[in-house]
Amino acid sequence: MDISETYIDMSDCPDIQLSQKPLVRGNWYVRKQNHSFLLVRDGAMLDTPHYSWIWLPLQDQLQNMMDLPLFDLLSRFSLFVFSELSREKHERGQTDMVGINSYSLQFTTPVQLWLAFVMKERYGKVWSNSEWIKP
């Protein structure tokens, strides 16, 4: 579970927040307050007034948002992560796909990378250090 400030900021966007299923069991939420965070699970305390809660999607929830068969999902994800040169080498039968593209390298956890993939594929947006933008 990534509760880093970066992941909280990445998750705090209308595209992601509006796609959550309301109070689904297993959901995690966080609220920012005076440079500290309160993390809750399953919607406990979400009715507390005067606070804005941010849903933190888990990796499997992000994968489900893509609504793709497993191997299609993995194939598209690998094309997102690896550089063009690595894909070309792979197509020629060389299996050492080690060339991760520079955009992917900025993410420090798997769930950050999956969120970036979902945002690019579904909404055409990329992370620009502090916000999602359309390139």
# chains A, B, ... in the order shown; residues from 1 in each chain; ligands from 1
>>> residues_around(residues="range 66-75 of chain A", least_positions_apart="3", cutoff="12 Å", atoms="only C-alpha atoms", output="list in words")
Ser19, Gln59, Asp60, Gln61, Leu62, Gln63, Ser78, Leu79, Phe80, Val81, Phe82, Arg87, Trp114, Leu115, Phe117, Val118, Met119, Lys120, Glu121, Arg122 and Tyr123 of chain A
>>> closest_residue(among="A:Ile133, A:Leu38, A:Leu18, A:Met1", to="Leu56 in chain A", atoms="only C-alpha atoms")
A:Met1
>>> atom_distance(atom1="CA of Met10 in chain A", atom2="CA of Trp132 in chain A")
7.6 Å
>>> residues_around(residues="Phe37 in chain A", least_positions_apart="6", cutoff="12 Å", atoms="only C-alpha atoms", output="list in words")
Ile3, Ser4, Glu5, Ile8, Tyr29, Val30, Arg31, Tyr51, Ser52, Trp53 and Ile54 of chain A
>>> write_last_selection(atoms="N, CA and C atoms", output="compact mmCIF listing (two decimals), in the first residue's frame")
# COMPACT_ATOMS: atom_id res chain seq x y z
N ILE A 3 1.32 4.97 0.58
CA ILE A 3 0.68 6.12 1.22
C ILE A 3 1.63 7.33 1.17
N SER A 4 2.47 7.33 0.15
CA SER A 4 3.39 8.45 -0.02
C SER A 4 2.62 9.69 -0.45
N GLU A 5 3.20 10.84 -0.17
CA GLU A 5 2.56 12.09 -0.58
C GLU A 5 2.41 12.16 -2.09
N ILE A 8 -0.64 10.05 -3.06
CA ILE A 8 -1.86 10.76 -2.64
C ILE A 8 -2.16 11.88 -3.62
N TYR A 29 -8.89 5.30 2.10
CA TYR A 29 -9.08 6.74 1.94
C TYR A 29 -8.09 7.47 2.85
N VAL A 30 -7.72 8.66 2.43
CA VAL A 30 -6.82 9.47 3.22
C VAL A 30 -7.34 10.90 3.19
N ARG A 31 -7.06 11.62 4.23
CA ARG A 31 -7.35 13.06 4.21
C ARG A 31 -6.12 13.79 4.70
N TYR A 51 -14.03 17.75 5.95
CA TYR A 51 -12.80 17.13 5.48
C TYR A 51 -13.02 16.57 4.09
N SER A 52 -12.00 16.63 3.30
CA SER A 52 -12.05 16.07 1.96
C SER A 52 -11.27 14.75 1.96
N TRP A 53 -11.95 13.67 1.66
CA TRP A 53 -11.32 12.35 1.64
C TRP A 53 -10.85 12.02 0.24
N ILE A 54 -9.69 11.39 0.14
CA ILE A 54 -9.12 11.00 -1.14
C ILE A 54 -9.06 9.48 -1.19
>>> atom_distance(atom1="CA of Cys13 in chain A", atom2="CA of Ala116 in chain A")
12.1 Å
>>> closest_residue(among="A:Trp55, A:Trp28, A:Phe77, A:Trp127", to="Phe107 in chain A", atoms="only C-alpha atoms")
A:Trp127
